Amino acid sequence: MPATPEPLITCQLAGSAEFQERDVGAAWVTRQIQRGDIFVTHSKIPYETRFTSPAGQELDVILVHVAVDQFVAAVEAAYPGKADEVTVMDFFGRDEALAHLCFACAEMLAARVPGESRRVAGLTQLFAAHLIEKYANAGSEKPDFQGGLPIRQLRKVEDHVREQLAEDISVEALAGLVELSPFHFSRVFKQATGMSPLQFVTRERIARAQQLTRETSRSLIEIALEVGYTSPSHFAQVFRRVVGVTPTEFRSAL
């Protein structure tokens, strides 16, 4: 999936699947999806997806890109003078109103309604307004974090983790970055990413270890230390749990 400057909505129209997504080269995050499930994404980097469906339950999916100019116009109407400060948070789950808009869009596509139709323009405005009211926060406002961390806050946490992989990383320290209690932070972080903060730290450490193993000739002990593991046996255990093979087996297969 490419990075997109505009919000992307994905709605499952029919079927079911075990769906997996990840940043390129990182560990997979798994979700069970079915009709009506919604993804809202505003990703600044490419990411990978894959899925498998039971026989007879193949997915029928619609992807809706809200064009940048229409979205910015709607943001400006809702937050005058603050368009550059508004962030759209990632979301996965149920949103019946947004799902019905997607179903309507699918019906219009099937009927070959022309793009210049007033119905298409009206539907675009509805999509933009819904995203802004439910999934956007102005930078000057303190978000309530009820649906997960806004992208701006999520990226702040992610960047900190990637810069501090060799150090001890606590949930308390990560929560402090976004001024939340550790309990509240853990809950909204999982809503936004599908994993706990410590699972994310582990994923990032092992993803970095895989990269160093592929691209350098450094010893596995050195690599383990660089990504925060002082015990080689613990590093090998975690690596195998995440990747499916030991670090030695991973390097031998390259």
# chains A, B, ... in the order shown; residues from 1 in each chain; ligands from 1
>>> residues_around(residues="A:Arg31", least_positions_apart="3", cutoff="7 Å", atoms="only C-alpha atoms", output="ChimeraX atom specification")
/A:18-20
>>> write_last_selection(atoms="N, CA and C atoms", output="PDB file, in the first residue's frame")
ATOM      1  N   GLU A  18      -8.743 -13.342   7.554  1.00  0.00           N
ATOM      2  CA  GLU A  18      -7.681 -13.018   8.496  1.00  0.00           C
ATOM      3  C   GLU A  18      -6.784 -12.026   7.770  1.00  0.00           C
ATOM      4  N   PHE A  19      -6.746 -10.811   8.277  1.00  0.00           N
ATOM      5  CA  PHE A  19      -6.061  -9.710   7.606  1.00  0.00           C
ATOM      6  C   PHE A  19      -4.812  -9.351   8.384  1.00  0.00           C
ATOM      7  N   GLN A  20      -3.698  -9.150   7.673  1.00  0.00           N
ATOM      8  CA  GLN A  20      -2.448  -8.779   8.320  1.00  0.00           C
ATOM      9  C   GLN A  20      -1.876  -7.530   7.657  1.00  0.00           C
TER      10      GLN A  20
END
>>> select_by_dssp(residues="stretch 92-134 of chain A", states="alpha helix (DSSP H)", output="ChimeraX atom specification")
/A:96-110,118-134
>>> write_last_selection(atoms="N, CA and C atoms", output="CSV table (one decimal), in the first residue's frame")
chain,number,residue,atom,x,y,z
A,96,GLU,N,-20.8,2.6,11.8
A,96,GLU,CA,-21.9,2.3,11.0
A,96,GLU,C,-22.2,3.4,10.0
A,97,ALA,N,-22.1,4.6,10.4
A,97,ALA,CA,-22.4,5.7,9.5
A,97,ALA,C,-21.4,5.7,8.3
A,98,LEU,N,-20.1,5.6,8.6
A,98,LEU,CA,-19.1,5.6,7.6
A,98,LEU,C,-19.2,4.4,6.7
A,99,ALA,N,-19.6,3.2,7.2
A,99,ALA,CA,-19.8,2.0,6.4
A,99,ALA,C,-21.0,2.3,5.4
A,100,HIS,N,-22.0,2.9,5.9
A,100,HIS,CA,-23.2,3.1,5.0
A,100,HIS,C,-22.8,4.1,3.9
A,101,LEU,N,-21.9,5.1,4.1
A,101,LEU,CA,-21.4,6.0,3.1
A,101,LEU,C,-20.6,5.1,2.1
A,102,CYS,N,-19.8,4.2,2.5
A,102,CYS,CA,-19.1,3.4,1.6
A,102,CYS,C,-20.0,2.5,0.8
A,103,PHE,N,-21.0,1.9,1.4
A,103,PHE,CA,-22.0,1.1,0.7
A,103,PHE,C,-22.6,1.9,-0.4
A,104,ALA,N,-23.0,3.1,-0.1
A,104,ALA,CA,-23.6,4.0,-1.1
A,104,ALA,C,-22.6,4.3,-2.2
A,105,CYS,N,-21.4,4.5,-1.9
A,105,CYS,CA,-20.3,4.7,-2.9
A,105,CYS,C,-20.2,3.5,-3.8
A,106,ALA,N,-20.2,2.3,-3.2
A,106,ALA,CA,-20.1,1.1,-4.0
A,106,ALA,C,-21.3,1.0,-5.0
A,107,GLU,N,-22.5,1.3,-4.5
A,107,GLU,CA,-23.7,1.2,-5.4
A,107,GLU,C,-23.6,2.2,-6.5
A,108,MET,N,-23.0,3.4,-6.3
A,108,MET,CA,-22.9,4.4,-7.3
A,108,MET,C,-21.9,4.0,-8.3
A,109,LEU,N,-20.8,3.3,-7.9
A,109,LEU,CA,-19.8,2.8,-8.8
A,109,LEU,C,-20.4,1.7,-9.7
A,110,ALA,N,-21.2,0.8,-9.1
A,110,ALA,CA,-21.8,-0.3,-9.8
A,110,ALA,C,-22.7,0.3,-10.9
A,118,ARG,N,-23.6,15.6,-9.2
A,118,ARG,CA,-23.7,16.3,-8.0
A,118,ARG,C,-23.8,15.3,-6.8
A,119,ARG,N,-24.3,14.1,-7.1
A,119,ARG,CA,-24.3,13.1,-6.0
A,119,ARG,C,-22.9,12.7,-5.5
A,120,VAL,N,-22.0,12.6,-6.5
A,120,VAL,CA,-20.6,12.3,-6.1
A,120,VAL,C,-20.0,13.5,-5.3
A,121,ALA,N,-20.3,14.7,-5.7
A,121,ALA,CA,-19.8,15.9,-5.0
A,121,ALA,C,-20.3,15.9,-3.6
A,122,GLY,N,-21.6,15.6,-3.5
A,122,GLY,CA,-22.2,15.6,-2.1
A,122,GLY,C,-21.7,14.5,-1.3
A,123,LEU,N,-21.5,13.3,-1.9
A,123,LEU,CA,-20.9,12.2,-1.1
A,123,LEU,C,-19.5,12.5,-0.6
A,124,THR,N,-18.7,13.1,-1.5
A,124,THR,CA,-17.4,13.5,-1.1
A,124,THR,C,-17.4,14.5,0.1
A,125,GLN,N,-18.3,15.4,0.1
A,125,GLN,CA,-18.4,16.3,1.3
A,125,GLN,C,-18.8,15.6,2.5
A,126,LEU,N,-19.7,14.6,2.4
A,126,LEU,CA,-20.1,13.8,3.6
A,126,LEU,C,-18.9,13.0,4.1
A,127,PHE,N,-18.1,12.4,3.2
A,127,PHE,CA,-16.9,11.7,3.7
A,127,PHE,C,-16.0,12.6,4.4
A,128,ALA,N,-15.7,13.7,3.8
A,128,ALA,CA,-14.7,14.7,4.4
A,128,ALA,C,-15.2,15.2,5.8
A,129,ALA,N,-16.5,15.5,5.9
A,129,ALA,CA,-17.1,16.1,7.1
A,129,ALA,C,-17.1,15.0,8.2
A,130,HIS,N,-17.4,13.8,7.8
A,130,HIS,CA,-17.4,12.7,8.8
A,130,HIS,C,-16.0,12.4,9.4
A,131,LEU,N,-15.0,12.4,8.5
A,131,LEU,CA,-13.6,12.2,8.9
A,131,LEU,C,-13.2,13.3,9.9
A,132,ILE,N,-13.5,14.5,9.5
A,132,ILE,CA,-13.0,15.6,10.3
A,132,ILE,C,-13.7,15.6,11.7
A,133,GLU,N,-15.0,15.4,11.7
A,133,GLU,CA,-15.7,15.4,13.0
A,133,GLU,C,-15.3,14.2,13.9
A,134,LYS,N,-15.0,13.1,13.3
A,134,LYS,CA,-14.8,11.9,14.2
A,134,LYS,C,-13.4,11.5,14.3
>>> select_by_dssp(residues="stretch 65-203 of chain A", states="strand (DSSP E or B)", output="list of chain:residue names")
A:His65, A:Thr87, A:Val88, A:Phe91, A:Phe92, A:Gly93, A:Arg94, A:Ala136, A:Asn137
>>> atom_distance(atom1="atom CA of A:Asp69", atom2="atom CA of A:Ala136")
16.3 Å
>>> closest_residue(among="A:Val227, A:Gln199, A:Phe51, A:Tyr135", to="A:Gln164", atoms="only C-alpha atoms")
A:Val227
>>> residues_around(residues="A:Val245", least_positions_apart="6", cutoff="12 Å", atoms="only C-alpha atoms", output="list in words")
Ile206, Gln210, Phe235, Ala236, Gln237, Val238, Phe239, Arg251, Ser252 and Ala253 of chain A
>>> write_last_selection(atoms="all heavy atoms", output="PDB file, in the first residue's frame")
ATOM      1  N   ILE A 206      13.223  -6.269  16.812  1.00  0.00           N
ATOM      2  CA  ILE A 206      13.496  -7.423  15.954  1.00  0.00           C
ATOM      3  C   ILE A 206      13.561  -7.004  14.481  1.00  0.00           C
ATOM      4  O   ILE A 206      14.365  -7.532  13.715  1.00  0.00           O
ATOM      5  CB  ILE A 206      12.431  -8.515  16.173  1.00  0.00           C
ATOM      6  CG1 ILE A 206      12.481  -9.009  17.627  1.00  0.00           C
ATOM      7  CG2 ILE A 206      12.653  -9.678  15.219  1.00  0.00           C
ATOM      8  CD1 ILE A 206      13.839  -9.507  18.084  1.00  0.00           C
ATOM      9  N   GLN A 210      16.766  -7.726  12.186  1.00  0.00           N
ATOM     10  CA  GLN A 210      16.713  -8.360  10.864  1.00  0.00           C
ATOM     11  C   GLN A 210      17.465  -7.515   9.830  1.00  0.00           C
ATOM     12  O   GLN A 210      18.205  -8.054   8.999  1.00  0.00           O
ATOM     13  CB  GLN A 210      15.259  -8.535  10.427  1.00  0.00           C
ATOM     14  CG  GLN A 210      14.501  -9.630  11.167  1.00  0.00           C
ATOM     15  CD  GLN A 210      13.065  -9.709  10.697  1.00  0.00           C
ATOM     16  OE1 GLN A 210      12.210  -8.944  11.138  1.00  0.00           O
ATOM     17  NE2 GLN A 210      12.795 -10.632   9.790  1.00  0.00           N
ATOM     18  N   PHE A 235      17.722 -12.780  23.394  1.00  0.00           N
ATOM     19  CA  PHE A 235      17.576 -12.222  22.052  1.00  0.00           C
ATOM     20  C   PHE A 235      17.165 -13.312  21.066  1.00  0.00           C
ATOM     21  O   PHE A 235      16.229 -13.125  20.269  1.00  0.00           O
ATOM     22  CB  PHE A 235      18.907 -11.596  21.621  1.00  0.00           C
ATOM     23  CG  PHE A 235      18.959 -11.217  20.168  1.00  0.00           C
ATOM     24  CD1 PHE A 235      18.092 -10.267  19.637  1.00  0.00           C
ATOM     25  CD2 PHE A 235      19.891 -11.823  19.315  1.00  0.00           C
ATOM     26  CE1 PHE A 235      18.153  -9.924  18.287  1.00  0.00           C
ATOM     27  CE2 PHE A 235      19.952 -11.477  17.981  1.00  0.00           C
ATOM     28  CZ  PHE A 235      19.081 -10.535  17.458  1.00  0.00           C
ATOM     29  N   ALA A 236      17.824 -14.461  21.115  1.00  0.00           N
ATOM     30  CA  ALA A 236      17.500 -15.553  20.195  1.00  0.00           C
ATOM     31  C   ALA A 236      16.083 -16.062  20.419  1.00  0.00           C
ATOM     32  O   ALA A 236      15.359 -16.392  19.460  1.00  0.00           O
ATOM     33  CB  ALA A 236      18.511 -16.689  20.372  1.00  0.00           C
ATOM     34  N   GLN A 237      15.673 -16.111  21.679  1.00  0.00           N
ATOM     35  CA  GLN A 237      14.329 -16.588  22.007  1.00  0.00           C
ATOM     36  C   GLN A 237      13.258 -15.654  21.455  1.00  0.00           C
ATOM     37  O   GLN A 237      12.292 -16.104  20.831  1.00  0.00           O
ATOM     38  CB  GLN A 237      14.204 -16.715  23.529  1.00  0.00           C
ATOM     39  CG  GLN A 237      12.849 -17.229  24.000  1.00  0.00           C
ATOM     40  CD  GLN A 237      12.760 -17.246  25.518  1.00  0.00           C
ATOM     41  OE1 GLN A 237      13.309 -16.378  26.204  1.00  0.00           O
ATOM     42  NE2 GLN A 237      12.080 -18.247  26.057  1.00  0.00           N
ATOM     43  N   VAL A 238      13.446 -14.349  21.671  1.00  0.00           N
ATOM     44  CA  VAL A 238      12.466 -13.381  21.183  1.00  0.00           C
ATOM     45  C   VAL A 238      12.472 -13.345  19.651  1.00  0.00           C
ATOM     46  O   VAL A 238      11.421 -13.291  19.007  1.00  0.00           O
ATOM     47  CB  VAL A 238      12.761 -11.977  21.763  1.00  0.00           C
ATOM     48  CG1 VAL A 238      11.805 -10.946  21.165  1.00  0.00           C
ATOM     49  CG2 VAL A 238      12.636 -11.995  23.282  1.00  0.00           C
ATOM     50  N   PHE A 239      13.658 -13.358  19.054  1.00  0.00           N
ATOM     51  CA  PHE A 239      13.777 -13.339  17.600  1.00  0.00           C
ATOM     52  C   PHE A 239      13.024 -14.519  16.988  1.00  0.00           C
ATOM     53  O   PHE A 239      12.262 -14.351  16.023  1.00  0.00           O
ATOM     54  CB  PHE A 239      15.262 -13.399  17.220  1.00  0.00           C
ATOM     55  CG  PHE A 239      15.547 -13.106  15.771  1.00  0.00           C
ATOM     56  CD1 PHE A 239      16.008 -11.868  15.379  1.00  0.00           C
ATOM     57  CD2 PHE A 239      15.367 -14.089  14.794  1.00  0.00           C
ATOM     58  CE1 PHE A 239      16.290 -11.584  14.046  1.00  0.00           C
ATOM     59  CE2 PHE A 239      15.636 -13.825  13.463  1.00  0.00           C
ATOM     60  CZ  PHE A 239      16.097 -12.572  13.079  1.00  0.00           C
ATOM     61  N   ARG A 251      20.249 -15.710   9.341  1.00  0.00           N
ATOM     62  CA  ARG A 251      21.436 -15.286   8.584  1.00  0.00           C
ATOM     63  C   ARG A 251      21.874 -16.374   7.606  1.00  0.00           C
ATOM     64  O   ARG A 251      22.280 -16.060   6.467  1.00  0.00           O
ATOM     65  CB  ARG A 251      22.554 -14.919   9.545  1.00  0.00           C
ATOM     66  CG  ARG A 251      23.881 -14.652   8.866  1.00  0.00           C
ATOM     67  CD  ARG A 251      24.835 -13.923   9.792  1.00  0.00           C
ATOM     68  NE  ARG A 251      24.642 -12.474   9.770  1.00  0.00           N
ATOM     69  CZ  ARG A 251      25.292 -11.620  10.542  1.00  0.00           C
ATOM     70  NH1 ARG A 251      26.163 -12.066  11.444  1.00  0.00           N
ATOM     71  NH2 ARG A 251      25.062 -10.315  10.445  1.00  0.00           N
ATOM     72  N   SER A 252      21.796 -17.625   7.988  1.00  0.00           N
ATOM     73  CA  SER A 252      22.229 -18.719   7.114  1.00  0.00           C
ATOM     74  C   SER A 252      21.369 -18.806   5.859  1.00  0.00           C
ATOM     75  O   SER A 252      21.838 -19.262   4.807  1.00  0.00           O
ATOM     76  CB  SER A 252      22.173 -20.047   7.873  1.00  0.00           C
ATOM     77  OG  SER A 252      23.065 -20.039   8.966  1.00  0.00           O
ATOM     78  N   ALA A 253      20.096 -18.380   5.992  1.00  0.00           N
ATOM     79  CA  ALA A 253      19.184 -18.485   4.860  1.00  0.00           C
ATOM     80  C   ALA A 253      19.336 -17.337   3.865  1.00  0.00           C
ATOM     81  O   ALA A 253      18.732 -17.364   2.785  1.00  0.00           O
ATOM     82  CB  ALA A 253      17.749 -18.539   5.368  1.00  0.00           C
TER      83      ALA A 253
END
>>> residues_around(residues="A:Asp168", least_positions_apart="5", cutoff="10 Å", atoms="only C-alpha atoms", output="list in words")
Val161, Ala173, Gly228 and Tyr229 of chain A
>>> atom_distance(atom1="atom CA of A:Gly15", atom2="atom CA of A:Arg35")
6.1 Å
>>> closest_residue(among="A:Asp60, A:Glu85, A:Asp37, A:Asp90", to="A:Ala192", atoms="only C-alpha atoms")
A:Asp90
>>> closest_residue(among="A:Thr41, A:Gln153, A:Ser196, A:Ser186", to="A:Phe91", atoms="only C-alpha atoms")
A:Thr41
>>> closest_residue(among="A:Thr202, A:Thr10, A:Ser117, A:Thr246", to="A:Gly93", atoms="only C-alpha atoms")
A:Thr10
